[in-house]
$ cat protein.cif   # mmCIF, C-alpha atoms
data_upload
#
loop_
_atom_site.label_atom_id
_atom_site.label_comp_id
_atom_site.auth_asym_id
_atom_site.auth_seq_id
_atom_site.Cartn_x
_atom_site.Cartn_y
_atom_site.Cartn_z
CA MET A 1 0.00 0.00 0.00
CA ALA A 2 1.18 3.52 -0.78
CA GLY A 3 2.61 5.26 2.24
CA VAL A 4 3.11 2.05 4.21
CA GLU A 5 6.70 1.04 4.98
CA GLU A 6 7.00 -2.74 5.02
CA VAL A 7 9.60 -4.59 7.08
CA ASP A 8 9.79 -8.08 8.52
CA VAL A 9 9.12 -7.17 12.16
CA VAL A 10 8.15 -3.99 13.98
CA VAL A 11 9.27 -3.86 17.62
CA VAL A 12 7.42 -1.33 19.77
CA GLY A 13 9.25 -0.42 22.97
CA LEU A 14 12.96 -0.81 23.59
CA GLY A 15 13.22 -1.79 27.21
CA PRO A 16 15.68 -4.64 27.83
CA GLY A 17 13.43 -7.29 26.26
CA GLY A 18 12.50 -5.26 23.20
CA GLU A 19 16.06 -4.12 22.61
CA ASN A 20 17.29 -7.69 22.93
CA ALA A 21 14.61 -9.05 20.58
CA ALA A 22 15.20 -6.39 17.93
CA GLY A 23 18.93 -7.10 17.95
CA LEU A 24 18.52 -10.86 17.76
CA LEU A 25 16.00 -10.66 14.91
CA ALA A 26 18.27 -8.31 12.94
CA GLU A 27 21.27 -10.57 13.51
CA ALA A 28 19.14 -13.44 12.17
CA GLY A 29 18.82 -11.54 8.89
CA LEU A 30 15.38 -9.99 9.29
CA GLU A 31 14.55 -6.38 8.44
CA VAL A 32 13.59 -4.82 11.77
CA THR A 33 12.18 -1.41 12.64
CA ALA A 34 12.25 -0.58 16.34
CA VAL A 35 10.10 2.19 17.78
CA GLU A 36 10.88 4.01 21.03
CA ALA A 37 9.30 7.14 22.52
CA GLY A 38 11.80 7.42 25.36
CA LEU A 39 15.32 6.13 25.90
CA VAL A 40 16.68 3.01 24.23
CA GLY A 41 17.05 0.53 27.08
CA GLY A 42 13.88 1.59 28.86
CA GLU A 43 13.32 2.09 32.55
CA CYS A 44 15.90 -0.37 33.86
CA PRO A 45 19.23 1.29 32.94
CA TYR A 46 18.05 4.88 33.42
CA TYR A 47 15.49 4.94 36.23
CA GLY A 48 15.16 1.42 37.61
CA CYS A 49 17.48 -1.53 38.16
CA VAL A 50 20.89 0.04 37.62
CA PRO A 51 20.69 3.53 39.16
CA THR A 52 18.48 2.52 42.07
CA LYS A 53 20.86 -0.27 43.01
CA MET A 54 23.70 2.23 43.04
CA MET A 55 21.64 4.22 45.52
CA VAL A 56 20.81 1.10 47.53
CA ARG A 57 24.47 0.04 47.62
CA ALA A 58 25.43 3.48 48.92
CA ALA A 59 22.72 3.38 51.58
CA ASP A 60 23.81 -0.11 52.65
CA ALA A 61 27.37 1.16 53.08
CA LEU A 62 26.04 3.81 55.45
CA GLY A 63 24.08 1.16 57.34
CA GLU A 64 27.16 -1.00 57.78
CA ALA A 65 29.27 1.94 58.90
CA ARG A 66 26.73 2.75 61.59
CA ARG A 67 27.11 -0.79 62.94
CA VAL A 68 30.84 -0.35 63.53
CA PRO A 69 30.49 0.94 67.14
CA ARG A 70 28.69 -2.25 68.11
CA PHE A 71 31.15 -4.64 66.50
CA ALA A 72 34.46 -3.06 65.69
CA GLY A 73 35.31 0.28 67.23
CA ARG A 74 34.43 3.79 66.13
CA ALA A 75 33.36 5.31 62.83
CA GLU A 76 32.15 8.71 61.73
CA VAL A 77 29.38 8.64 59.14
CA VAL A 78 28.63 11.78 57.11
CA PRO A 79 26.03 10.94 54.45
CA ASP A 80 26.17 12.80 51.14
CA LEU A 81 23.65 11.84 48.47
CA GLY A 82 25.73 13.78 45.97
CA VAL A 83 28.25 10.94 45.87
CA PRO A 84 25.93 8.22 44.53
CA ALA A 85 24.08 10.86 42.49
CA ARG A 86 27.27 11.53 40.55
CA ARG A 87 27.76 7.82 39.99
CA VAL A 88 24.20 7.52 38.70
CA ARG A 89 24.74 10.35 36.23
CA GLN A 90 28.26 9.48 35.09
CA GLU A 91 28.49 5.69 35.34
CA ALA A 92 24.92 4.42 34.94
CA THR A 93 22.94 6.79 32.75
CA ASP A 94 25.45 9.00 30.93
CA ASP A 95 23.29 11.87 32.19
CA TRP A 96 20.23 10.14 30.72
CA ASN A 97 21.66 9.99 27.23
CA ASP A 98 20.98 6.81 25.23
CA LYS A 99 23.34 7.42 22.31
CA ALA A 100 25.55 4.45 23.19
CA ALA A 101 22.55 2.11 23.40
CA ALA A 102 21.03 3.46 20.21
CA ASP A 103 24.30 3.09 18.33
CA ARG A 104 24.68 -0.45 19.63
CA LEU A 105 21.22 -1.33 18.32
CA THR A 106 21.55 0.30 14.91
CA GLY A 107 24.98 -1.27 14.60
CA LYS A 108 23.20 -4.63 14.47
CA GLY A 109 21.16 -3.47 11.50
CA VAL A 110 18.02 -2.32 13.30
CA THR A 111 16.27 0.82 12.02
CA LEU A 112 15.46 3.03 15.02
CA VAL A 113 12.40 5.26 14.84
CA ARG A 114 11.84 7.82 17.59
CA GLY A 115 8.22 8.39 18.61
CA TYR A 116 5.19 6.75 20.19
CA GLY A 117 4.06 3.65 18.34
CA VAL A 118 0.33 2.89 18.08
CA LEU A 119 -1.28 -0.26 16.72
CA THR A 120 -3.59 0.86 13.92
CA GLY A 121 -4.39 -2.39 12.13
CA PRO A 122 -3.28 -5.99 11.62
CA ARG A 123 0.55 -6.07 11.88
CA GLU A 124 0.50 -2.29 11.54
CA VAL A 125 2.10 0.41 13.69
CA THR A 126 1.74 4.16 13.22
CA VAL A 127 4.37 6.57 14.52
CA GLY A 128 3.39 10.16 13.90
CA ASP A 129 2.73 10.39 10.16
CA ARG A 130 4.60 7.17 9.32
CA VAL A 131 2.97 3.75 9.03
CA PHE A 132 4.93 0.50 9.34
CA ARG A 133 3.72 -2.99 8.58
CA GLY A 134 5.45 -6.14 9.74
CA ARG A 135 5.36 -8.95 7.23
CA ARG A 136 5.90 -11.41 10.04
CA GLY A 137 4.27 -9.24 12.66
CA VAL A 138 4.66 -6.84 15.55
CA LEU A 139 6.38 -7.39 18.89
CA LEU A 140 5.11 -5.24 21.76
CA ASN A 141 7.33 -4.35 24.70
CA PRO A 142 5.67 -1.09 25.83
CA GLY A 143 6.89 -1.17 29.41
CA THR A 144 5.11 0.75 32.14
CA GLU A 145 4.89 4.19 33.64
CA PRO A 146 4.17 5.25 37.24
CA ALA A 147 0.51 4.73 38.14
CA VAL A 148 -0.68 7.96 39.78
CA PRO A 149 -3.85 7.44 41.83
CA PRO A 150 -6.79 9.87 41.50
CA ILE A 151 -6.30 11.44 44.94
CA ASP A 152 -7.91 14.82 45.48
CA GLY A 153 -5.36 17.57 44.83
CA LEU A 154 -2.45 15.29 43.89
CA ALA A 155 -2.30 16.10 40.18
CA ASP A 156 -1.84 19.81 40.89
CA THR A 157 1.28 19.31 43.02
CA PRO A 158 4.99 18.83 42.10
CA PHE A 159 5.16 15.29 43.46
CA TRP A 160 8.00 12.89 42.68
CA THR A 161 7.84 9.57 40.90
CA ASN A 162 10.73 7.11 40.92
CA ARG A 163 12.28 9.03 38.03
CA ASP A 164 12.52 12.23 40.03
CA ALA A 165 13.88 10.40 43.06
CA VAL A 166 16.65 8.80 40.99
CA LYS A 167 17.69 12.22 39.66
CA ALA A 168 17.88 13.80 43.14
CA THR A 169 21.27 15.21 44.09
CA GLU A 170 20.39 16.08 47.69
CA ALA A 171 18.29 14.30 50.28
CA PRO A 172 15.24 16.39 51.23
CA ALA A 173 14.83 17.28 54.88
CA SER A 174 11.67 15.21 54.95
CA LEU A 175 10.01 12.79 52.54
CA VAL A 176 6.55 11.22 52.46
CA VAL A 177 6.40 8.01 50.46
CA LEU A 178 2.96 7.04 49.21
CA GLY A 179 3.06 3.31 48.58
CA GLY A 180 4.77 0.49 50.41
CA GLY A 181 5.61 -1.76 47.48
CA ALA A 182 9.12 -2.59 46.28
CA ILE A 183 9.87 0.84 44.81
CA GLY A 184 8.47 2.69 47.81
CA VAL A 185 10.30 0.73 50.49
CA GLU A 186 13.64 0.67 48.67
CA LEU A 187 13.69 4.43 48.15
CA ALA A 188 12.28 5.12 51.61
CA GLN A 189 15.22 3.37 53.26
CA VAL A 190 17.73 4.98 50.90
CA PHE A 191 16.60 8.52 51.67
CA ALA A 192 16.25 7.80 55.39
CA ARG A 193 19.86 6.61 55.54
CA PHE A 194 20.96 9.75 53.74
CA GLY A 195 19.31 11.90 56.37
CA SER A 196 15.71 12.46 55.32
CA ASP A 197 12.92 12.21 57.88
CA VAL A 198 10.82 9.57 56.07
CA THR A 199 7.19 8.57 56.46
CA VAL A 200 5.69 5.68 54.48
CA VAL A 201 1.93 5.62 53.91
CA GLU A 202 0.52 2.34 52.59
CA GLY A 203 -3.15 1.68 51.96
CA GLY A 204 -2.83 -2.07 52.39
CA GLU A 205 -2.55 -4.05 55.57
CA ARG A 206 1.24 -4.46 55.30
CA LEU A 207 4.30 -3.24 53.50
CA VAL A 208 5.23 -5.28 50.39
CA GLY A 209 1.72 -6.71 50.42
CA PRO A 210 2.08 -9.30 47.62
CA LEU A 211 4.90 -11.04 49.52
CA GLU A 212 4.60 -13.31 52.54
CA PRO A 213 3.06 -11.44 55.50
CA GLU A 214 6.12 -12.17 57.63
CA ALA A 215 8.20 -10.11 55.18
CA GLY A 216 6.02 -7.03 55.59
CA ASP A 217 6.00 -7.38 59.37
CA LEU A 218 9.78 -7.72 59.52
CA LEU A 219 10.34 -4.76 57.23
CA ARG A 220 8.11 -2.58 59.38
CA GLU A 221 10.11 -3.51 62.49
CA VAL A 222 13.37 -2.70 60.71
CA PHE A 223 12.05 0.60 59.37
CA GLU A 224 10.75 1.76 62.73
CA ALA A 225 14.05 0.82 64.38
CA GLU A 226 15.80 3.05 61.81
CA GLY A 227 13.46 5.96 62.52
CA ILE A 228 11.14 5.57 59.51
CA THR A 229 7.49 6.18 60.37
CA VAL A 230 5.13 3.60 58.85
CA HIS A 231 1.36 3.90 58.41
CA THR A 232 -0.47 0.87 56.99
CA GLY A 233 -4.17 0.47 56.31
CA ALA A 234 -4.01 4.20 55.52
CA LYS A 235 -5.93 5.05 52.36
CA ALA A 236 -4.88 8.48 51.08
CA SER A 237 -7.70 10.97 50.57
CA ARG A 238 -6.15 14.37 49.81
CA VAL A 239 -2.84 16.05 48.97
CA THR A 240 -1.97 19.73 49.29
CA HIS A 241 1.20 21.69 48.57
CA ASP A 242 1.85 25.14 50.00
CA GLY A 243 4.98 25.95 48.03
CA ALA A 244 7.31 24.69 50.73
CA GLY A 245 6.02 21.21 51.42
CA PHE A 246 3.31 18.59 51.10
CA THR A 247 0.51 17.45 53.36
CA LEU A 248 -0.91 13.99 52.70
CA GLU A 249 -4.20 13.23 54.42
CA PHE A 250 -5.19 9.63 54.95
CA ALA A 251 -7.60 7.57 56.99
CA GLY A 252 -6.55 8.13 60.57
CA GLY A 253 -4.14 11.01 60.16
CA ARG A 254 -1.83 13.07 58.00
CA ALA A 255 1.83 13.24 57.04
CA THR A 256 3.89 16.23 55.99
CA GLY A 257 7.15 16.45 54.09
CA GLU A 258 9.30 18.63 51.89
CA ARG A 259 8.85 16.08 49.12
CA LEU A 260 6.20 13.52 48.24
CA LEU A 261 7.19 10.35 46.38
CA VAL A 262 4.28 8.55 44.69
CA ALA A 263 5.13 4.86 44.39
CA THR A 264 1.74 3.24 43.97
CA GLY A 265 2.47 0.83 41.18
CA ARG A 266 2.99 0.85 37.43
CA ARG A 267 0.64 0.82 34.44
CA THR A 268 0.51 0.61 30.67
CA ASP A 269 -2.06 2.69 28.78
CA LEU A 270 -3.39 -0.04 26.52
CA GLU A 271 -6.03 2.23 25.01
CA ARG A 272 -3.38 4.71 23.87
CA LEU A 273 -1.32 1.80 22.56
CA GLY A 274 -4.21 0.92 20.26
CA VAL A 275 -4.65 -2.70 21.29
CA ALA A 276 -8.33 -2.60 20.31
CA SER A 277 -7.21 -2.69 16.67
CA ALA A 278 -5.81 -6.15 17.40
CA GLY A 279 -9.01 -7.33 19.08
CA LEU A 280 -7.64 -6.90 22.63
CA ASP A 281 -9.36 -5.21 25.56
CA PRO A 282 -8.05 -1.63 25.94
CA ARG A 283 -9.45 -1.45 29.49
CA ALA A 284 -7.43 -4.43 30.71
CA ARG A 285 -4.38 -4.10 32.92
CA THR A 286 -2.31 -6.57 30.93
CA ILE A 287 -2.11 -8.27 27.55
CA PRO A 288 -2.76 -12.03 27.79
CA VAL A 289 -0.26 -14.15 25.88
CA ASP A 290 0.27 -17.85 25.35
CA GLY A 291 3.42 -19.79 26.12
CA ARG A 292 5.08 -18.52 22.94
CA MET A 293 4.29 -14.85 23.77
CA ARG A 294 1.56 -14.68 21.13
CA ALA A 295 -1.19 -12.16 21.87
CA ALA A 296 -2.96 -12.40 18.49
CA ASP A 297 -2.21 -13.41 14.92
CA GLY A 298 1.06 -11.71 14.02
CA LEU A 299 1.29 -10.01 17.40
CA TRP A 300 3.63 -10.88 20.27
CA ALA A 301 3.92 -9.17 23.66
CA ILE A 302 6.64 -9.35 26.28
CA GLY A 303 7.68 -7.63 29.49
CA ASP A 304 5.66 -5.96 32.23
CA VAL A 305 2.57 -5.70 30.05
CA THR A 306 2.09 -9.50 30.18
CA GLY A 307 1.54 -9.39 33.94
CA GLU A 308 4.22 -11.93 34.79
CA GLY A 309 6.27 -9.59 36.97
CA ALA A 310 7.89 -6.20 36.50
CA PHE A 311 11.39 -7.61 36.28
CA THR A 312 14.06 -7.20 33.62
CA HIS A 313 15.01 -10.87 33.77
CA VAL A 314 11.42 -11.86 32.88
CA SER A 315 11.40 -9.54 29.88
CA MET A 316 14.70 -10.96 28.65
CA TYR A 317 13.45 -14.51 29.16
CA GLN A 318 10.27 -13.77 27.22
CA SER A 319 12.12 -11.99 24.44
CA ALA A 320 14.15 -15.12 23.70
CA ILE A 321 10.93 -17.17 23.47
CA ALA A 322 9.24 -14.63 21.19
CA VAL A 323 12.28 -14.43 18.90
CA ARG A 324 12.33 -18.20 18.50
CA ASP A 325 8.65 -18.21 17.61
CA ILE A 326 8.99 -15.35 15.12
CA LEU A 327 11.88 -17.21 13.47
CA GLY A 328 9.87 -20.45 13.38
CA GLN A 329 12.24 -22.25 15.72
CA ASP A 330 11.26 -24.89 18.25
CA GLY A 331 11.91 -24.44 21.95
CA PRO A 332 10.28 -24.64 25.37
CA GLU A 333 7.32 -22.43 26.13
CA ALA A 334 7.26 -19.95 29.00
CA ASP A 335 7.27 -21.44 32.49
CA TYR A 336 6.92 -19.20 35.54
CA HIS A 337 6.63 -21.75 38.34
CA ALA A 338 10.01 -20.68 39.75
CA LEU A 339 9.85 -16.96 39.05
CA PRO A 340 12.36 -15.14 41.31
CA HIS A 341 12.21 -11.54 42.56
CA VAL A 342 14.09 -9.46 45.12
CA THR A 343 13.22 -6.30 47.04
CA PHE A 344 16.54 -4.60 47.78
CA THR A 345 15.97 -3.28 51.25
CA ASP A 346 18.26 -4.09 54.17
CA PRO A 347 17.60 -6.92 54.88
CA GLU A 348 16.85 -7.97 51.33
CA ILE A 349 13.63 -9.87 50.66
CA GLY A 350 13.71 -12.49 47.93
CA GLY A 351 10.92 -14.75 46.76
CA ILE A 352 10.51 -17.65 44.37
CA GLY A 353 7.42 -19.50 43.22
CA VAL A 354 4.15 -19.11 45.11
CA THR A 355 3.39 -17.78 48.56
CA GLU A 356 1.67 -19.85 51.21
CA ALA A 357 -1.60 -17.99 50.63
CA LYS A 358 -1.54 -18.62 46.87
CA ALA A 359 -0.69 -22.28 47.34
CA ARG A 360 -3.57 -22.77 49.77
CA ALA A 361 -5.97 -20.83 47.55
CA ALA A 362 -5.10 -23.26 44.75
CA GLY A 363 -6.16 -26.13 47.02
CA ARG A 364 -2.69 -27.58 47.40
CA PRO A 365 -1.96 -29.79 50.45
CA VAL A 366 0.97 -27.62 51.44
CA ARG A 367 3.41 -27.81 54.33
CA VAL A 368 5.14 -24.68 55.56
CA THR A 369 8.13 -23.93 57.72
CA LEU A 370 9.64 -20.67 58.93
CA THR A 371 13.24 -20.60 60.19
CA PRO A 372 14.86 -17.52 61.75
CA ILE A 373 18.13 -16.70 59.99
CA GLY A 374 19.97 -16.18 63.28
CA GLU A 375 19.56 -19.82 64.29
CA SER A 376 22.04 -21.00 61.67
CA THR A 377 24.46 -18.15 61.04
CA ARG A 378 27.28 -18.25 63.53
CA GLY A 379 28.82 -14.85 64.12
CA TRP A 380 25.70 -13.05 62.84
CA ILE A 381 23.34 -14.08 65.66
CA HIS A 382 21.22 -11.20 66.96
CA GLU A 383 22.52 -9.00 64.15
CA ALA A 384 20.92 -10.65 61.12
CA PRO A 385 17.15 -10.14 61.32
CA GLY A 386 15.33 -12.34 58.91
CA PHE A 387 13.95 -15.76 58.08
CA ILE A 388 13.63 -18.45 55.46
CA LYS A 389 10.08 -19.57 54.72
CA LEU A 390 9.53 -22.67 52.61
CA VAL A 391 6.28 -23.89 51.06
CA ALA A 392 6.20 -27.54 50.02
CA ASP A 393 3.63 -29.51 48.05
CA GLY A 394 4.26 -33.20 48.46
CA GLU A 395 7.98 -33.90 48.11
CA HIS A 396 8.92 -30.69 46.34
CA LEU A 397 9.23 -27.01 47.15
CA VAL A 398 6.77 -24.75 45.34
CA GLY A 399 7.63 -21.50 47.07
CA ALA A 400 10.32 -19.86 49.17
CA THR A 401 10.93 -16.47 50.74
CA VAL A 402 14.24 -15.30 52.15
CA ALA A 403 14.52 -12.16 54.28
CA ALA A 404 18.14 -11.66 55.22
CA PRO A 405 21.39 -9.95 54.31
CA TYR A 406 22.34 -11.20 50.84
CA ALA A 407 18.90 -12.79 50.39
CA GLY A 408 19.19 -12.29 46.64
CA GLU A 409 22.19 -14.62 46.59
CA ILE A 410 20.74 -17.20 49.00
CA MET A 411 17.57 -17.53 46.96
CA GLY A 412 19.53 -18.54 43.86
CA PHE A 413 19.96 -21.98 45.41
CA LEU A 414 16.25 -22.21 46.24
CA ALA A 415 15.27 -20.99 42.77
CA LEU A 416 17.23 -23.87 41.25
CA ALA A 417 15.63 -26.34 43.67
CA ILE A 418 12.13 -25.18 42.72
CA GLN A 419 12.84 -24.89 38.99
CA ALA A 420 14.35 -28.40 38.81
CA ARG A 421 11.84 -29.85 41.30
CA VAL A 422 14.60 -31.27 43.46
CA PRO A 423 13.08 -33.71 46.00
CA LEU A 424 13.07 -32.62 49.64
CA HIS A 425 14.93 -35.82 50.48
CA THR A 426 17.83 -34.68 48.29
CA LEU A 427 17.84 -31.19 49.78
CA LYS A 428 17.78 -32.61 53.29
CA HIS A 429 20.88 -34.72 52.79
CA MET A 430 23.05 -32.18 51.04
CA ILE A 431 26.15 -30.65 52.61
CA TYR A 432 25.56 -26.94 53.13
CA ALA A 433 28.17 -24.20 53.39
CA TYR A 434 29.07 -23.47 57.02
CA PRO A 435 28.75 -21.08 58.71
CA THR A 436 26.76 -18.97 56.22
CA PHE A 437 23.22 -17.87 55.57
CA HIS A 438 22.84 -20.83 53.22
CA ARG A 439 23.01 -23.19 56.17
CA ALA A 440 19.65 -21.89 57.37
CA ILE A 441 18.16 -23.65 54.36
CA GLU A 442 19.27 -26.96 55.86
CA THR A 443 17.45 -26.16 59.10
CA ALA A 444 14.30 -25.11 57.22
CA VAL A 445 14.25 -28.21 55.02
CA ALA A 446 14.75 -30.48 58.01
CA THR A 447 11.53 -29.25 59.61
CA LEU A 448 9.57 -30.20 56.50
#
$ encode --input "protein.cif" --output "structure tokens"
Amino acid sequence: MAGVEEVDVVVVGLGPGGENAAGLLAEAGLEVTAVEAGLVGGECPYYGCVPTKMMVRAADALGEARRVPRFAGRAEVVPDLGVPARRVRQEATDDWNDKAAADRLTGKGVTLVRGYGVLTGPREVTVGDRVFRGRRGVLLNPGTEPAVPPIDGLADTPFWTNRDAVKATEAPASLVVLGGGAIGVELAQVFARFGSDVTVVEGGERLVGPLEPEAGDLLREVFEAEGITVHTGAKASRVTHDGAGFTLEFAGGRATGERLLVATGRRTDLERLGVASAGLDPRARTIPVDGRMRAADGLWAIGDVTGEGAFTHVSMYQSAIAVRDILGQDGPEADYHALPHVTFTDPEIGGIGVTEAKARAAGRPVRVTLTPIGESTRGWIHEAPGFIKLVADGEHLVGATVAAPYAGEIMGFLALAIQARVPLHTLKHMIYAYPTFHRAIETAVATL
């Protein structure tokens, strides 16, 4: 058709999964056009995984230094958010410039088109006044944006999202964090350790609500011990800003701060994306896909929009599956039974598989054990708050949660055990590293 630019595949959204897929398809010899409205690489390298972990690492260093008087002698701690802020700008984001990533992608033969891509017909994407059609189809990796709740007065105020928080060069005197999910709790602890007076307001019953309840309870205890004020079961009703600070009103009280960070989840505007043209529901929260990432004929979707977890490693995993399917190659379909995730607070909270509540809701005859970390970590007793919680169905683990220092590393072992369905008998009779946090797994397995 006149005016339509035909290629083999159109990739919409260049977060990690989309960038990876576009590169792999081009290297396989296909003609690929990739569309991106923001930065090539998406949220992870510029506002998420990489810069926030630099901030977390810096905050953890402060936390360790403050433990020196109890264990080792004396130390003077003078926090300066400017130090990690410079690292974020210079080492992680190149001052939020994606030229290196864009050049890397086009160097593989991908045609990069800047702008917002909208589905406007079968295998068709419109970007401004240009229309692209994928002979093989379209791969969607639209990512997400901060979900801002319709709270009275909020939209008229200069509130922060995670993007503003990552760009901060100084810690505000006080900070109210609306939302106690992973983003909210990580940044709350970071800013508190850099000197901000932090209040967290969460509408749910606990912090990190989707995780095991013990994780939320532990995190609250840790936060309050560090001077962070926590309000749960506190549904926000109104926000005001007087030019100098914010007031957040919620059921049962109010919180004030120089800054307000809104961390109430993420969303994709499916209506704006034009999914109705592909026969999909524009009012849905996610795009349903099959095990090969197919959402419709000639349409694949990967990443956060599929609802399988807002994690870079999931997007990369899905991109490999979608690429194989687009190329007509055989391979295993998506399997999420051992999906891992980590909340990078101190202590870290890692999870794999299903929680106890989800396992019971599915009618499984589960057995559960909870082992305090301190029982098995010589030299760390009374200083390592945390636990290992295991959920077993029959002779195999189906879920695990680790709350501990280095939980993200400990859970790698448990992720393998769940993924490979290693029998409990085998886990029970292994030789575990001693004396480390891993040894607590032995204690937990023994009680099952």
$ resolve_selection --input "protein.cif" --expression "the PyMOL selection byres ((chain A and resi 172) around 10)" --output "list in words"
Leu81, Ala168, Thr169, Glu170, Ala171, Ala173, Ser174, Leu175, Phe191, Ala192, Phe194, Gly195, Ser196, Asp197, Val198, Gly257, Glu258, Arg259 and Leu260 of chain A
$ resolve_selection --input "protein.cif" --expression "the PyMOL selection byres ((chain A and resi 56) around 8)" --output "list in words"
Thr52, Lys53, Met54, Met55, Arg57, Ala58, Ala59, Asp60, Glu186, Leu187, Val190, Phe344 and Thr345 of chain A
$ write_last_selection --input "protein.cif" --atoms "C-alpha atoms" --output "PDB file, keeping the file's coordinate frame"
ATOM      1  CA  THR A  52      18.480   2.520  42.070  1.00  0.00           C
ATOM      2  CA  LYS A  53      20.860  -0.270  43.010  1.00  0.00           C
ATOM      3  CA  MET A  54      23.700   2.230  43.040  1.00  0.00           C
ATOM      4  CA  MET A  55      21.640   4.220  45.520  1.00  0.00           C
ATOM      5  CA  ARG A  57      24.470   0.040  47.620  1.00  0.00           C
ATOM      6  CA  ALA A  58      25.430   3.480  48.920  1.00  0.00           C
ATOM      7  CA  ALA A  59      22.720   3.380  51.580  1.00  0.00           C
ATOM      8  CA  ASP A  60      23.810  -0.110  52.650  1.00  0.00           C
ATOM      9  CA  GLU A 186      13.640   0.670  48.670  1.00  0.00           C
ATOM     10  CA  LEU A 187      13.690   4.430  48.150  1.00  0.00           C
ATOM     11  CA  VAL A 190      17.730   4.980  50.900  1.00  0.00           C
ATOM     12  CA  PHE A 344      16.540  -4.600  47.780  1.00  0.00           C
ATOM     13  CA  THR A 345      15.970  -3.280  51.250  1.00  0.00           C
TER      14      THR A 345
END
$ resolve_selection --input "protein.cif" --expression "the PyMOL selection byres ((chain A and resi 349) around 6)" --output "CSV table (one decimal) with C-alpha atoms, in the frame of the given file"
chain,number,residue,atom,x,y,z
A,342,VAL,CA,14.1,-9.5,45.1
A,343,THR,CA,13.2,-6.3,47.0
A,348,GLU,CA,16.8,-8.0,51.3
A,350,GLY,CA,13.7,-12.5,47.9
A,402,VAL,CA,14.2,-15.3,52.2
A,403,ALA,CA,14.5,-12.2,54.3
$ closest_atom_pairs --input "protein.cif" --of "stretch 127-172 of chain A" --to "stretch 17-41 of chain A" --cutoff "8 Å" --atoms "all atoms listed in the file" --output "tab-separated table"
residue	atom	partner	partner_atom	distance
A:Val127	CA	A:Val35	CA	7.9
A:Leu139	CA	A:Gly18	CA	7.8
A:Leu140	CA	A:Gly18	CA	7.5
A:Asn141	CA	A:Gly18	CA	5.5
$ atom_distance --input "protein.cif" --atom1 "atom CA of A:Val9" --atom2 "atom CA of A:Arg123"
8.6 Å
$ atom_distance --input "protein.cif" --atom1 "atom CA of A:Arg193" --atom2 "atom CA of A:Ser376"
28.4 Å
$ closest_residue --input "protein.cif" --among "A:Ala234, A:Ala320, A:Val398, A:Ile302" --to "A:Phe250" --atoms "only C-alpha atoms"
A:Ala234
$ atom_distance --input "protein.cif" --atom1 "atom CA of A:Ala400" --atom2 "atom CA of A:Ile352"
5.3 Å
$ closest_residue --input "protein.cif" --among "A:Glu6, A:Asp217, A:Asp335, A:Glu43" --to "A:Arg292" --atoms "all atoms listed in the file"
A:Asp335
$ closest_residue --input "protein.cif" --among "A:Ser319, A:Gly13, A:Glu395, A:His341" --to "A:Glu409" --atoms "all atoms listed in the file"
A:His341
$ closest_residue --input "protein.cif" --among "A:Leu339, A:Asp129, A:Arg367, A:Phe387" --to "A:Ile418" --atoms "only C-alpha atoms"
A:Leu339
$ residues_around --input "protein.cif" --residues "stretch 247-249 of chain A" --least-positions-apart "4" --cutoff "12 Å" --atoms "all atoms listed in the file" --output "PyMOL selection string"
chain A and resi 151-154+157+159+174-178+199-203+231+234-243+253-262
$ residues_around --input "protein.cif" --residues "A:Val275" --least-positions-apart "5" --cutoff "9 Å" --atoms "all atoms listed in the file" --output "tab-separated table (two decimals) with C-alpha atoms, in the coordinates of the input"
chain	number	residue	atom	x	y	z
A	118	VAL	CA	0.33	2.89	18.08
A	119	LEU	CA	-1.28	-0.26	16.72
A	120	THR	CA	-3.59	0.86	13.92
A	270	LEU	CA	-3.39	-0.04	26.52
A	280	LEU	CA	-7.64	-6.90	22.63
A	281	ASP	CA	-9.36	-5.21	25.56
A	282	PRO	CA	-8.05	-1.63	25.94
A	287	ILE	CA	-2.11	-8.27	27.55
$ closest_residue --input "protein.cif" --among "A:Gly137, A:Pro435, A:Pro332, A:Gly180" --to "A:Ala278" --atoms "only C-alpha atoms"
A:Gly137
$ closest_residue --input "protein.cif" --among "A:Ala284, A:Ala263, A:Val83, A:Ala361" --to "A:Trp160" --atoms "all atoms listed in the file"
A:Ala263
